[in-house]
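The next block holds one structure in the form of structure tokens; read it before the comments.
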Amino acid sequence: MITAERKPFTEIKEMIAPYRKVLVVGCGSCVAECAAGGEKEVGLLASALRMDAKISGKELEVKEMTIDRQCVYEFIDQLTGVIDEYDIILSLGCGAGVQAVAEVFPKVHIVPALNTKFIGETKEAGLWIENCRACGDCKLGFFAAVCPITRCAKGLFNGPCGGSRTERCEVAPDVPCAWQLIITRLNNMGRLDLLRKVQPPADWSKQQGKGPRKIYRKDQRT
Amino acid sequence: MNIESKLKKVLDRGDFAVTAECGPPKGADPDVVKSKGQILNGYADSINVTDNQTAVVRLCSLAACALLKAEGLDPVFQVVTRDRNRIALQSDVLGASALGIRNILCLTGDHQSFGNQPQAKGVFDIDSIQLIQTVRQMRDAAQIMGGEALTKAPHLFIGAVENPFADPFKYRVARLATKVDAGAEFIQTQCIFNLNRFRKWIELAKDQGLDNKVYILGGITPLKSARMAEYMAKQVAGMEVPEEIIRRMKSVPANKQRQEGVRIAVETIQALREVDGVHGVHIMAIEWEEIVPQIVQEANLFPRPQV
Amino acid sequence: MDQKTAGLNLTIFFCQQLDPDQDNNRRALEKELGERIRFFPLPCSGRIDPLHLMCALESGADKVYLVTCPEGTCRYREGNLRAQKRIAFTQELIEEIGLERERLELIITSEGNPSTIDEIARGILAKEASVEPSPVRIL
């Protein structure tokens, strides 16, 4: 999923300072999964904003709404008619969601309450870890399903580097050496042969793109 | 061009080679580089110039190599893949050769978070092995990555590093083999304090016939103090300093520790000369280049062969 | 009535395993104090959600208590441990808006001690609340 974390309260407060009526919009997908922007988190933020307004003696009306996804028109459309009553929309969607909503309602000021972080997994309750950098050219099959771009600090395709010690990466003691893991797994599978040939350089144009990357499906276009 | 790598000539002759490291300054003064070069002149066959080592901004390796070249020395151009993409790297390879630099050492480089610019973007467009392959292709096929022809091929003796003290140990030799396959012609290892582990590594390398395919130079770093030994043991990634070495350094008074460090370095060199499969030493006296002449002399490696 | 919590609005969330007859036992205090005291029984203290605590404060509570079963006796094993973590999390949220963390208090009962919600609540009322009326309250 896409993970995110809520911005510091002071930053959010500053963004909505000029306004009197705010709609806090949550998203029921990725950000709900990582406990940053789902219905619960909308409730917590809205409550904090209302109490803060009372304490500061400021007039602020805060309403809440959570839609299933903020990145798909069919769901964003649920805001039609609702959104006009507000001065500002405080979105708890990821960067994709905030922008998608803004595309549908370009006249409304929409601000992000979250900092979008990374594509990752819920490793344990309360722990999310990055595991994909959307390089557009997945080679996980060669690396025992351990992404060297994401999980090796230097993105080596022919690792490990000389700083790998006791299965740890040189950058921090709590970061496992991805290459140690790749080698161990391939060894256990009997496929160390996959590492014998020199892995060629990545085609970074697939990740960087020329501006925003696109996927186009002719069969799905109306 | 008629310029040839001194290091390559010494190794091809079968002589025990000596290289030494020169660290560029954190400033724009060319004289610092020149004086270090003069200190090392005659005591090493070729001189390595580090490339923003530990991700700390220093006078660039290419410029420092050019300065050493102008002093009549034979530099080894160290290149890390952390700071430049393939366009810049291939460009620098051409530039180095044009300046008469005849040796290149291809490394990945320490992660940017270690240095004085931790907010920098670590490039890592290609890794050190892909770089070795690229330089080899540029030299032998006169082509850049992707196959486009060069008007004139660079002329460089290609080196890489290996660390017998990093993990996973068994895989280190497989990685050495991969580097050789990619085109590495000489290897400089991480500095050696644990001779037993190093000997085991050489044995494994020999089992694969690698000592016949690539020249191996053992790394040597003279210790300045017991504290330095402890620091290296605990804080430097991929470094191994056995307890006996630390104890030995601690057992002498502070003002005698430098000489003890030199003694250990000389003993290690002498031991390496006896190891079959080792073709030379690479002395990394970081910020202590002045000590190299003494080490080379006491190890009976002076004078260097005239090539 | 004790002076220590006089004039303050108190909300008490509590684990109903502590007093199976809590519905009856809290009536006396509810009558005495009226709007000043609110009781919310939970099937387990671990069922507390930060949102409940925020709502209580937003509704005008000056102080919110969460009463849990004694350590190691949670019927659902770790309810009281989760309760602790959620109180801590909510304390950080309220500090962001300038409310003191003391407005949320976790009370872990000990074995054999006050056994009815009435006794528990009276014990709370007699304790030092350490907070002023909340700035959120419309006074």
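Labeling convention for the structure tokens: chains A, B, ... as they appear, residues from 1 per chain, ligands from 1 in order of appearance.
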
message = Select, as a PyMOL selection string, those residues of chain B with any atom no more than 9 Å from chain A (distances computed using only C-alpha atoms).
response = chain B and resi 82+108-111+113-114+122-130+133+161-168+171-172+174-175+177-179+181-182+190+236-239

Once you have the residues from the selection above, write them out as an mmCIF file, in the first residue's frame, restricted to N, CA and C atoms.
data_model
loop_
_atom_site.group_PDB
_atom_site.id
_atom_site.type_symbol
_atom_site.label_atom_id
_atom_site.label_comp_id
_atom_site.auth_asym_id
_atom_site.auth_seq_id
_atom_site.Cartn_x
_atom_site.Cartn_y
_atom_site.Cartn_z
ATOM 1 N N ARG B 82 28.684 6.537 -6.346
ATOM 2 C CA ARG B 82 27.686 7.210 -5.511
ATOM 3 C C ARG B 82 27.307 8.583 -6.044
ATOM 4 N N THR B 108 31.987 1.388 -5.284
ATOM 5 C CA THR B 108 30.625 1.880 -5.062
ATOM 6 C C THR B 108 30.686 3.170 -4.238
ATOM 7 N N GLY B 109 31.466 3.135 -3.162
ATOM 8 C CA GLY B 109 31.565 4.314 -2.307
ATOM 9 C C GLY B 109 30.717 4.181 -1.048
ATOM 10 N N ASP B 110 31.154 4.852 0.011
ATOM 11 C CA ASP B 110 30.391 4.831 1.255
ATOM 12 C C ASP B 110 29.084 5.587 1.057
ATOM 13 N N HIS B 111 28.069 5.168 1.761
ATOM 14 C CA HIS B 111 26.756 5.808 1.661
ATOM 15 C C HIS B 111 26.839 7.293 2.033
ATOM 16 N N SER B 113 25.075 9.156 3.714
ATOM 17 C CA SER B 113 24.702 9.553 5.073
ATOM 18 C C SER B 113 25.907 9.631 6.010
ATOM 19 N N PHE B 114 27.043 9.075 5.599
ATOM 20 C CA PHE B 114 28.232 9.098 6.445
ATOM 21 C C PHE B 114 29.010 10.395 6.375
ATOM 22 N N GLY B 122 22.102 10.266 -3.301
ATOM 23 C CA GLY B 122 23.066 9.242 -3.685
ATOM 24 C C GLY B 122 22.680 8.781 -5.072
ATOM 25 N N VAL B 123 23.565 8.899 -6.046
ATOM 26 C CA VAL B 123 23.177 8.609 -7.424
ATOM 27 C C VAL B 123 23.052 7.109 -7.664
ATOM 28 N N PHE B 124 24.130 6.361 -7.505
ATOM 29 C CA PHE B 124 24.101 4.902 -7.695
ATOM 30 C C PHE B 124 23.351 4.523 -8.971
ATOM 31 N N ASP B 125 23.625 5.254 -10.045
ATOM 32 C CA ASP B 125 23.000 4.923 -11.329
ATOM 33 C C ASP B 125 23.470 3.524 -11.746
ATOM 34 N N ILE B 126 24.763 3.282 -11.617
ATOM 35 C CA ILE B 126 25.293 1.931 -11.850
ATOM 36 C C ILE B 126 26.130 1.547 -10.640
ATOM 37 N N ASP B 127 26.406 0.263 -10.487
ATOM 38 C CA ASP B 127 27.244 -0.143 -9.348
ATOM 39 C C ASP B 127 28.680 -0.374 -9.810
ATOM 40 N N SER B 128 29.560 -0.737 -8.873
ATOM 41 C CA SER B 128 30.985 -0.808 -9.200
ATOM 42 C C SER B 128 31.271 -1.884 -10.242
ATOM 43 N N ILE B 129 30.542 -2.967 -10.185
ATOM 44 C CA ILE B 129 30.778 -4.059 -11.146
ATOM 45 C C ILE B 129 30.339 -3.640 -12.551
ATOM 46 N N GLN B 130 29.224 -2.952 -12.642
ATOM 47 C CA GLN B 130 28.772 -2.455 -13.940
ATOM 48 C C GLN B 130 29.757 -1.415 -14.475
ATOM 49 N N GLN B 133 32.755 -3.221 -15.984
ATOM 50 C CA GLN B 133 32.339 -3.723 -17.302
ATOM 51 C C GLN B 133 32.360 -2.611 -18.339
ATOM 52 N N VAL B 161 38.011 -3.170 -5.787
ATOM 53 C CA VAL B 161 38.350 -3.484 -4.403
ATOM 54 C C VAL B 161 37.590 -4.719 -3.964
ATOM 55 N N GLU B 162 38.146 -5.416 -2.998
ATOM 56 C CA GLU B 162 37.377 -6.478 -2.344
ATOM 57 C C GLU B 162 37.660 -6.399 -0.868
ATOM 58 N N ASN B 163 36.711 -6.847 -0.107
ATOM 59 C CA ASN B 163 36.831 -6.802 1.337
ATOM 60 C C ASN B 163 36.702 -8.209 1.903
ATOM 61 N N PRO B 164 37.839 -8.850 2.211
ATOM 62 C CA PRO B 164 37.776 -10.218 2.746
ATOM 63 C C PRO B 164 37.164 -10.265 4.142
ATOM 64 N N PHE B 165 36.928 -9.049 4.736
ATOM 65 C CA PHE B 165 36.467 -9.033 6.131
ATOM 66 C C PHE B 165 35.003 -8.661 6.265
ATOM 67 N N ALA B 166 34.341 -8.516 5.131
ATOM 68 C CA ALA B 166 32.911 -8.237 5.201
ATOM 69 C C ALA B 166 32.164 -9.551 5.089
ATOM 70 N N ASP B 167 30.883 -9.481 5.375
ATOM 71 C CA ASP B 167 30.057 -10.684 5.271
ATOM 72 C C ASP B 167 29.261 -10.634 3.980
ATOM 73 N N PRO B 168 28.702 -11.669 3.499
ATOM 74 C CA PRO B 168 28.961 -13.033 3.936
ATOM 75 C C PRO B 168 30.319 -13.528 3.423
ATOM 76 N N TYR B 171 30.700 -15.814 0.335
ATOM 77 C CA TYR B 171 30.299 -15.209 -0.925
ATOM 78 C C TYR B 171 31.325 -14.214 -1.445
ATOM 79 N N ARG B 172 32.220 -13.759 -0.609
ATOM 80 C CA ARG B 172 33.189 -12.735 -1.006
ATOM 81 C C ARG B 172 34.037 -13.181 -2.182
ATOM 82 N N ALA B 174 33.084 -15.391 -4.469
ATOM 83 C CA ALA B 174 32.211 -15.422 -5.638
ATOM 84 C C ALA B 174 32.114 -14.025 -6.225
ATOM 85 N N ARG B 175 32.064 -13.033 -5.339
ATOM 86 C CA ARG B 175 31.992 -11.647 -5.798
ATOM 87 C C ARG B 175 33.286 -11.245 -6.478
ATOM 88 N N ALA B 177 35.152 -13.250 -8.113
ATOM 89 C CA ALA B 177 35.088 -13.898 -9.422
ATOM 90 C C ALA B 177 34.226 -13.081 -10.379
ATOM 91 N N THR B 178 33.126 -12.554 -9.880
ATOM 92 C CA THR B 178 32.250 -11.738 -10.720
ATOM 93 C C THR B 178 32.982 -10.492 -11.197
ATOM 94 N N LYS B 179 33.771 -9.892 -10.314
ATOM 95 C CA LYS B 179 34.508 -8.681 -10.699
ATOM 96 C C LYS B 179 35.540 -9.004 -11.770
ATOM 97 N N ASP B 181 35.308 -11.500 -13.898
ATOM 98 C CA ASP B 181 34.534 -11.715 -15.128
ATOM 99 C C ASP B 181 34.135 -10.396 -15.766
ATOM 100 N N ALA B 182 33.831 -9.422 -14.939
ATOM 101 C CA ALA B 182 33.410 -8.118 -15.460
ATOM 102 C C ALA B 182 34.584 -7.375 -16.102
ATOM 103 N N GLN B 190 40.645 -4.332 1.312
ATOM 104 C CA GLN B 190 40.468 -3.543 2.540
ATOM 105 C C GLN B 190 41.650 -3.881 3.460
ATOM 106 N N VAL B 236 33.995 1.589 11.915
ATOM 107 C CA VAL B 236 34.134 1.595 10.465
ATOM 108 C C VAL B 236 33.510 0.346 9.868
ATOM 109 N N ALA B 237 32.592 0.556 8.951
ATOM 110 C CA ALA B 237 31.866 -0.556 8.339
ATOM 111 C C ALA B 237 32.823 -1.474 7.592
ATOM 112 N N GLY B 238 32.653 -2.781 7.782
ATOM 113 C CA GLY B 238 33.433 -3.754 7.031
ATOM 114 C C GLY B 238 34.872 -3.887 7.475
ATOM 115 N N MET B 239 35.215 -3.351 8.621
ATOM 116 C CA MET B 239 36.606 -3.405 9.071
ATOM 117 C C MET B 239 36.734 -4.418 10.193
#

message = So that I can check the surroundings of Met232 (chain B), please list as number ranges by chain every protein, DNA and RNA residue that reaches within 12 Å of it, counting only C-alpha atoms and ignoring chain neighbours fewer than 6 positions away.
response = B: 191-193, 221-226, 238-243, 245-246

Polymer residues at most 9 Å from Ala83 (chain C), only C-alpha atoms, same-chain spacing of 5 or more positions, as a PyMOL selection string = chain C and resi 45-49+66+68+78+88+106

task = Specify as a list in words all residues of chain C found within 10 Å of chain A, counting only C-alpha atoms.
result = Asp49, Pro50, Leu51, His52, Leu53, Met54, Cys55, Leu57, Glu58, Ser59, Gly60, Thr90, Leu93, Ile94, Glu96, Ile97, Gly98, Leu99, Ser134, Pro135, Val136, Arg137 and Ile138 of chain C

Generate a file of the selected residues that holds C-alpha atoms, formatted as a short mmCIF file (atom, residue, chain, number, x, y, z; two decimals), in the first residue's frame.
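Once written, again.cif looks like this:
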data_model
loop_
_atom_site.label_atom_id
_atom_site.label_comp_id
_atom_site.auth_asym_id
_atom_site.auth_seq_id
_atom_site.Cartn_x
_atom_site.Cartn_y
_atom_site.Cartn_z
CA ASP C 49 -10.27 4.15 21.41
CA PRO C 50 -8.41 7.46 21.32
CA LEU C 51 -11.52 8.86 19.67
CA HIS C 52 -13.60 8.14 22.80
CA LEU C 53 -11.14 10.11 24.90
CA MET C 54 -11.08 13.01 22.45
CA CYS C 55 -14.88 13.12 22.31
CA LEU C 57 -12.77 16.16 26.26
CA GLU C 58 -14.53 17.84 23.39
CA SER C 59 -17.86 17.38 25.18
CA GLY C 60 -16.54 19.36 28.10
CA THR C 90 -3.99 10.34 22.99
CA LEU C 93 -2.52 14.33 20.54
CA ILE C 94 -3.91 16.62 23.21
CA GLU C 96 -0.38 19.23 20.38
CA ILE C 97 -3.32 21.52 21.07
CA GLY C 98 -2.05 22.71 24.42
CA LEU C 99 -4.06 20.45 26.75
CA SER C 134 -10.63 22.84 30.62
CA PRO C 135 -10.18 25.78 28.23
CA VAL C 136 -12.39 23.83 25.82
CA ARG C 137 -15.40 24.22 28.06
CA ILE C 138 -17.83 27.01 27.37
#

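Listed by chain and then by rising number, the residues of region 23-103 of chain C that DSSP assigns to strand (DSSP E) from the backbone are Ile37, Arg38, Phe39, Phe40, Pro41, Leu42, Lys63, Val64, Tyr65, Leu66, Val67 and Thr68 of chain C.
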
inquiry  = Can you pull out the residues contacting region 85-96 of chain A? Cut-off 10 Å, using only C-alpha atoms, and skip same-chain residues under 3 positions away; I want them as a PyMOL selection string.
reply    = chain A and resi 2-7+12+15-16+18-32+36-39+41-42+45-46+61-67+69-72+81-82+99-102+108-117

Region 128-274 of chain B: residues DSSP assigns to alpha helix (DSSP H), reported as a compact mmCIF listing (two decimals) with N, CA and C atoms, in the first residue's frame:
# COMPACT_ATOMS: atom_id res chain seq x y z
N SER B 128 29.56 -0.74 -8.87
CA SER B 128 30.99 -0.81 -9.20
C SER B 128 31.27 -1.88 -10.24
N ILE B 129 30.54 -2.97 -10.19
CA ILE B 129 30.78 -4.06 -11.15
C ILE B 129 30.34 -3.64 -12.55
N GLN B 130 29.22 -2.95 -12.64
CA GLN B 130 28.77 -2.46 -13.94
C GLN B 130 29.76 -1.41 -14.47
N LEU B 131 30.39 -0.67 -13.57
CA LEU B 131 31.38 0.32 -13.99
C LEU B 131 32.62 -0.37 -14.55
N ILE B 132 33.05 -1.43 -13.88
CA ILE B 132 34.22 -2.19 -14.39
C ILE B 132 33.93 -2.67 -15.80
N GLN B 133 32.76 -3.22 -15.98
CA GLN B 133 32.34 -3.72 -17.30
C GLN B 133 32.36 -2.61 -18.34
N THR B 134 31.87 -1.46 -17.92
CA THR B 134 31.79 -0.32 -18.83
C THR B 134 33.17 0.16 -19.25
N VAL B 135 34.08 0.29 -18.29
CA VAL B 135 35.42 0.78 -18.62
C VAL B 135 36.11 -0.22 -19.55
N ARG B 136 35.88 -1.48 -19.26
CA ARG B 136 36.49 -2.53 -20.08
C ARG B 136 35.99 -2.46 -21.52
N GLN B 137 34.68 -2.22 -21.65
CA GLN B 137 34.07 -2.13 -22.96
C GLN B 137 34.57 -0.88 -23.69
N MET B 138 34.74 0.21 -22.94
CA MET B 138 35.22 1.45 -23.56
C MET B 138 36.65 1.24 -24.07
N ARG B 139 37.44 0.54 -23.26
CA ARG B 139 38.85 0.36 -23.63
C ARG B 139 39.03 -0.65 -24.73
N ASP B 140 38.41 -1.84 -24.58
CA ASP B 140 38.67 -2.93 -25.51
C ASP B 140 37.79 -2.91 -26.76
N PHE B 169 31.10 -14.12 4.30
CA PHE B 169 32.47 -14.47 3.99
C PHE B 169 32.58 -15.38 2.77
N LYS B 170 31.78 -16.43 2.76
CA LYS B 170 31.91 -17.41 1.67
C LYS B 170 31.59 -16.78 0.32
N TYR B 171 30.70 -15.81 0.34
CA TYR B 171 30.30 -15.21 -0.92
C TYR B 171 31.33 -14.21 -1.45
N ARG B 172 32.22 -13.76 -0.61
CA ARG B 172 33.19 -12.73 -1.01
C ARG B 172 34.04 -13.18 -2.18
N VAL B 173 34.36 -14.46 -2.21
CA VAL B 173 35.20 -14.94 -3.32
C VAL B 173 34.36 -15.03 -4.59
N ALA B 174 33.08 -15.39 -4.47
CA ALA B 174 32.21 -15.42 -5.64
C ALA B 174 32.11 -14.02 -6.22
N ARG B 175 32.06 -13.03 -5.34
CA ARG B 175 31.99 -11.65 -5.80
C ARG B 175 33.29 -11.24 -6.48
N LEU B 176 34.40 -11.72 -5.95
CA LEU B 176 35.69 -11.44 -6.58
C LEU B 176 35.68 -12.03 -7.99
N ALA B 177 35.15 -13.25 -8.11
CA ALA B 177 35.09 -13.90 -9.42
C ALA B 177 34.23 -13.08 -10.38
N THR B 178 33.13 -12.55 -9.88
CA THR B 178 32.25 -11.74 -10.72
C THR B 178 32.98 -10.49 -11.20
N LYS B 179 33.77 -9.89 -10.31
CA LYS B 179 34.51 -8.68 -10.70
C LYS B 179 35.54 -9.00 -11.77
N VAL B 180 36.18 -10.17 -11.62
CA VAL B 180 37.15 -10.58 -12.62
C VAL B 180 36.45 -10.82 -13.95
N ASP B 181 35.31 -11.50 -13.90
CA ASP B 181 34.53 -11.72 -15.13
C ASP B 181 34.14 -10.40 -15.77
N ALA B 182 33.83 -9.42 -14.94
CA ALA B 182 33.41 -8.12 -15.46
C ALA B 182 34.58 -7.37 -16.10
N LEU B 195 45.33 -11.63 9.69
CA LEU B 195 46.02 -12.37 8.64
C LEU B 195 45.42 -13.75 8.39
N ASN B 196 44.93 -14.39 9.45
CA ASN B 196 44.36 -15.73 9.26
C ASN B 196 43.16 -15.71 8.33
N ARG B 197 42.27 -14.74 8.62
CA ARG B 197 41.08 -14.65 7.76
C ARG B 197 41.49 -14.31 6.33
N PHE B 198 42.49 -13.45 6.20
CA PHE B 198 42.94 -13.08 4.87
C PHE B 198 43.51 -14.30 4.13
N ARG B 199 44.31 -15.07 4.85
CA ARG B 199 44.89 -16.26 4.22
C ARG B 199 43.81 -17.22 3.75
N LYS B 200 42.76 -17.36 4.59
CA LYS B 200 41.63 -18.26 4.21
C LYS B 200 40.99 -17.75 2.93
N TRP B 201 40.84 -16.44 2.86
CA TRP B 201 40.20 -15.83 1.69
C TRP B 201 41.04 -16.08 0.44
N ILE B 202 42.35 -15.90 0.57
CA ILE B 202 43.25 -16.14 -0.57
C ILE B 202 43.17 -17.60 -1.00
N GLU B 203 43.11 -18.50 -0.02
CA GLU B 203 42.99 -19.93 -0.35
C GLU B 203 41.75 -20.18 -1.19
N LEU B 204 40.63 -19.61 -0.75
CA LEU B 204 39.39 -19.79 -1.50
C LEU B 204 39.51 -19.18 -2.89
N ALA B 205 40.20 -18.05 -2.98
CA ALA B 205 40.39 -17.40 -4.27
C ALA B 205 41.26 -18.28 -5.18
N LYS B 206 42.28 -18.84 -4.59
CA LYS B 206 43.16 -19.72 -5.37
C LYS B 206 42.43 -20.97 -5.84
N ASP B 207 41.55 -21.52 -4.97
CA ASP B 207 40.76 -22.68 -5.36
C ASP B 207 40.00 -22.43 -6.65
N ALA B 226 46.29 3.35 19.87
CA ALA B 226 45.37 2.30 20.32
C ALA B 226 43.93 2.76 20.10
N ARG B 227 43.70 4.05 20.27
CA ARG B 227 42.35 4.59 20.11
C ARG B 227 41.90 4.45 18.67
N MET B 228 42.82 4.68 17.74
CA MET B 228 42.50 4.52 16.32
C MET B 228 42.11 3.07 16.05
N ALA B 229 42.87 2.14 16.65
CA ALA B 229 42.57 0.73 16.45
C ALA B 229 41.16 0.41 16.94
N GLU B 230 40.82 0.94 18.11
CA GLU B 230 39.49 0.68 18.66
C GLU B 230 38.41 1.31 17.81
N TYR B 231 38.67 2.53 17.37
CA TYR B 231 37.70 3.23 16.52
C TYR B 231 37.43 2.43 15.26
N MET B 232 38.50 1.98 14.62
CA MET B 232 38.34 1.23 13.38
C MET B 232 37.59 -0.07 13.62
N ALA B 233 37.87 -0.70 14.76
CA ALA B 233 37.22 -1.96 15.05
C ALA B 233 35.71 -1.76 15.23
N LYS B 234 35.32 -0.64 15.89
CA LYS B 234 33.91 -0.49 16.25
C LYS B 234 33.11 0.34 15.25
N GLN B 235 33.74 1.38 14.70
CA GLN B 235 32.95 2.36 13.96
C GLN B 235 33.02 2.28 12.45
N GLU B 243 41.39 -8.49 18.53
CA GLU B 243 41.71 -8.08 19.91
C GLU B 243 43.20 -8.00 20.16
N GLU B 244 43.96 -8.99 19.62
CA GLU B 244 45.42 -9.01 19.92
C GLU B 244 46.09 -7.76 19.41
N ILE B 245 45.62 -7.26 18.28
CA ILE B 245 46.23 -6.04 17.72
C ILE B 245 45.93 -4.86 18.65
N ILE B 246 44.68 -4.76 19.08
CA ILE B 246 44.30 -3.67 19.98
C ILE B 246 45.10 -3.77 21.27
N ARG B 247 45.21 -4.99 21.80
CA ARG B 247 45.97 -5.18 23.05
C ARG B 247 47.42 -4.79 22.85
N ARG B 248 47.95 -5.17 21.70
CA ARG B 248 49.36 -4.87 21.43
C ARG B 248 49.59 -3.36 21.39
N MET B 249 48.66 -2.65 20.76
CA MET B 249 48.77 -1.19 20.70
C MET B 249 48.64 -0.57 22.09
N LYS B 250 47.73 -1.13 22.90
CA LYS B 250 47.51 -0.59 24.24
C LYS B 250 48.69 -0.87 25.15
N GLN B 257 53.20 4.48 20.48
CA GLN B 257 52.19 3.73 19.74
C GLN B 257 52.34 3.85 18.23
N ARG B 258 52.74 5.02 17.75
CA ARG B 258 52.92 5.18 16.31
C ARG B 258 53.93 4.19 15.76
N GLN B 259 55.06 4.08 16.46
CA GLN B 259 56.09 3.15 15.98
C GLN B 259 55.62 1.71 16.06
N GLU B 260 54.79 1.42 17.06
CA GLU B 260 54.24 0.06 17.16
C GLU B 260 53.33 -0.21 15.98
N GLY B 261 52.55 0.82 15.62
CA GLY B 261 51.66 0.69 14.46
C GLY B 261 52.45 0.44 13.19
N VAL B 262 53.58 1.14 13.07
CA VAL B 262 54.45 0.95 11.90
C VAL B 262 55.01 -0.47 11.89
N ARG B 263 55.42 -0.92 13.09
CA ARG B 263 55.97 -2.27 13.21
C ARG B 263 54.94 -3.31 12.76
N ILE B 264 53.72 -3.16 13.22
CA ILE B 264 52.66 -4.10 12.84
C ILE B 264 52.47 -4.07 11.32
N ALA B 265 52.48 -2.87 10.76
CA ALA B 265 52.29 -2.75 9.30
C ALA B 265 53.41 -3.46 8.55
N VAL B 266 54.63 -3.23 8.99
CA VAL B 266 55.78 -3.87 8.33
C VAL B 266 55.71 -5.38 8.44
N GLU B 267 55.36 -5.86 9.65
CA GLU B 267 55.23 -7.31 9.84
C GLU B 267 54.16 -7.89 8.93
N THR B 268 53.06 -7.17 8.80
CA THR B 268 51.98 -7.66 7.95
C THR B 268 52.43 -7.72 6.50
N ILE B 269 53.18 -6.70 6.07
CA ILE B 269 53.68 -6.72 4.69
C ILE B 269 54.61 -7.91 4.48
N GLN B 270 55.49 -8.12 5.44
CA GLN B 270 56.43 -9.23 5.33
C GLN B 270 55.67 -10.56 5.27
N ALA B 271 54.61 -10.68 6.06
CA ALA B 271 53.81 -11.90 6.03
C ALA B 271 53.13 -12.06 4.68
N LEU B 272 52.65 -10.95 4.13
CA LEU B 272 51.95 -11.01 2.85
C LEU B 272 52.88 -11.44 1.72
N ARG B 273 54.13 -11.06 1.83
CA ARG B 273 55.09 -11.44 0.78
C ARG B 273 55.25 -12.94 0.71

request  = Find the residues around Gly42 (chain B) up to 12 Å (only C-alpha atoms counted), leave out those fewer than 2 positions away in its own chain, and share them as a PyMOL selection string.
outcome  = chain B and resi 6+18-20+37-40+44-47+71-74+292-293+296-297+301-307

Same residues, N, CA and C atoms, output as a short mmCIF file (atom, residue, chain, number, x, y, z; two decimals), in the first residue's frame:
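Output contents, as saved in out29.cif:
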data_model
loop_
_atom_site.label_atom_id
_atom_site.label_comp_id
_atom_site.auth_asym_id
_atom_site.auth_seq_id
_atom_site.Cartn_x
_atom_site.Cartn_y
_atom_site.Cartn_z
N LYS B 6 52.63 2.27 -14.57
CA LYS B 6 53.81 1.71 -13.88
C LYS B 6 53.39 0.47 -13.11
N VAL B 18 53.98 -2.07 -5.07
CA VAL B 18 53.58 -1.22 -3.94
C VAL B 18 52.78 -0.05 -4.47
N THR B 19 51.58 0.13 -3.93
CA THR B 19 50.82 1.33 -4.23
C THR B 19 50.55 2.02 -2.90
N ALA B 20 50.32 3.32 -2.97
CA ALA B 20 50.02 4.06 -1.74
C ALA B 20 48.89 5.01 -2.02
N GLY B 37 52.38 14.07 -3.08
CA GLY B 37 52.96 13.31 -4.16
C GLY B 37 54.48 13.22 -4.02
N GLN B 38 55.11 14.33 -3.64
CA GLN B 38 56.56 14.33 -3.49
C GLN B 38 57.02 13.43 -2.36
N ILE B 39 56.25 13.36 -1.29
CA ILE B 39 56.60 12.47 -0.17
C ILE B 39 56.60 11.02 -0.64
N LEU B 40 55.58 10.67 -1.46
CA LEU B 40 55.41 9.28 -1.87
C LEU B 40 56.28 8.91 -3.08
N ALA B 44 56.38 4.26 -4.09
CA ALA B 44 55.24 3.47 -4.58
C ALA B 44 55.30 3.47 -6.10
N ASP B 45 54.79 2.40 -6.70
CA ASP B 45 54.79 2.31 -8.16
C ASP B 45 53.72 3.23 -8.73
N SER B 46 52.57 3.20 -8.10
CA SER B 46 51.48 4.09 -8.51
C SER B 46 50.80 4.62 -7.25
N ILE B 47 50.14 5.76 -7.39
CA ILE B 47 49.54 6.40 -6.22
C ILE B 47 48.03 6.57 -6.42
N GLU B 71 53.49 16.06 -11.87
CA GLU B 71 54.71 15.95 -11.05
C GLU B 71 55.53 14.73 -11.45
N GLY B 72 55.08 14.01 -12.47
CA GLY B 72 55.83 12.84 -12.93
C GLY B 72 55.46 11.55 -12.25
N LEU B 73 54.35 11.56 -11.51
CA LEU B 73 53.93 10.34 -10.82
C LEU B 73 52.89 9.59 -11.64
N ASP B 74 52.60 8.35 -11.22
CA ASP B 74 51.64 7.52 -11.94
C ASP B 74 50.41 7.32 -11.06
N VAL B 292 54.83 6.56 4.93
CA VAL B 292 54.96 5.52 3.91
C VAL B 292 56.42 5.20 3.55
N PRO B 293 57.27 6.23 3.35
CA PRO B 293 58.68 5.90 3.03
C PRO B 293 59.31 4.97 4.07
N VAL B 296 57.90 1.38 3.66
CA VAL B 296 58.41 0.73 2.46
C VAL B 296 59.88 0.32 2.64
N GLN B 297 60.65 1.20 3.29
CA GLN B 297 62.06 0.87 3.51
C GLN B 297 62.21 -0.30 4.48
N LEU B 301 61.26 -2.97 0.61
CA LEU B 301 60.66 -2.82 -0.71
C LEU B 301 61.18 -1.57 -1.42
N PHE B 302 62.25 -1.01 -0.87
CA PHE B 302 62.85 0.18 -1.48
C PHE B 302 64.26 -0.18 -1.97
N PRO B 303 64.75 0.24 -3.12
CA PRO B 303 64.03 1.11 -4.06
C PRO B 303 63.02 0.35 -4.91
N ARG B 304 62.09 1.06 -5.50
CA ARG B 304 61.10 0.46 -6.38
C ARG B 304 61.79 0.16 -7.72
N PRO B 305 61.35 -0.89 -8.40
CA PRO B 305 61.96 -1.19 -9.70
C PRO B 305 61.76 -0.05 -10.70
N GLN B 306 62.76 0.18 -11.53
CA GLN B 306 62.65 1.21 -12.56
C GLN B 306 61.96 0.62 -13.77
N VAL B 307 60.76 1.11 -14.02
CA VAL B 307 60.05 0.59 -15.20
C VAL B 307 59.68 1.72 -16.16
#
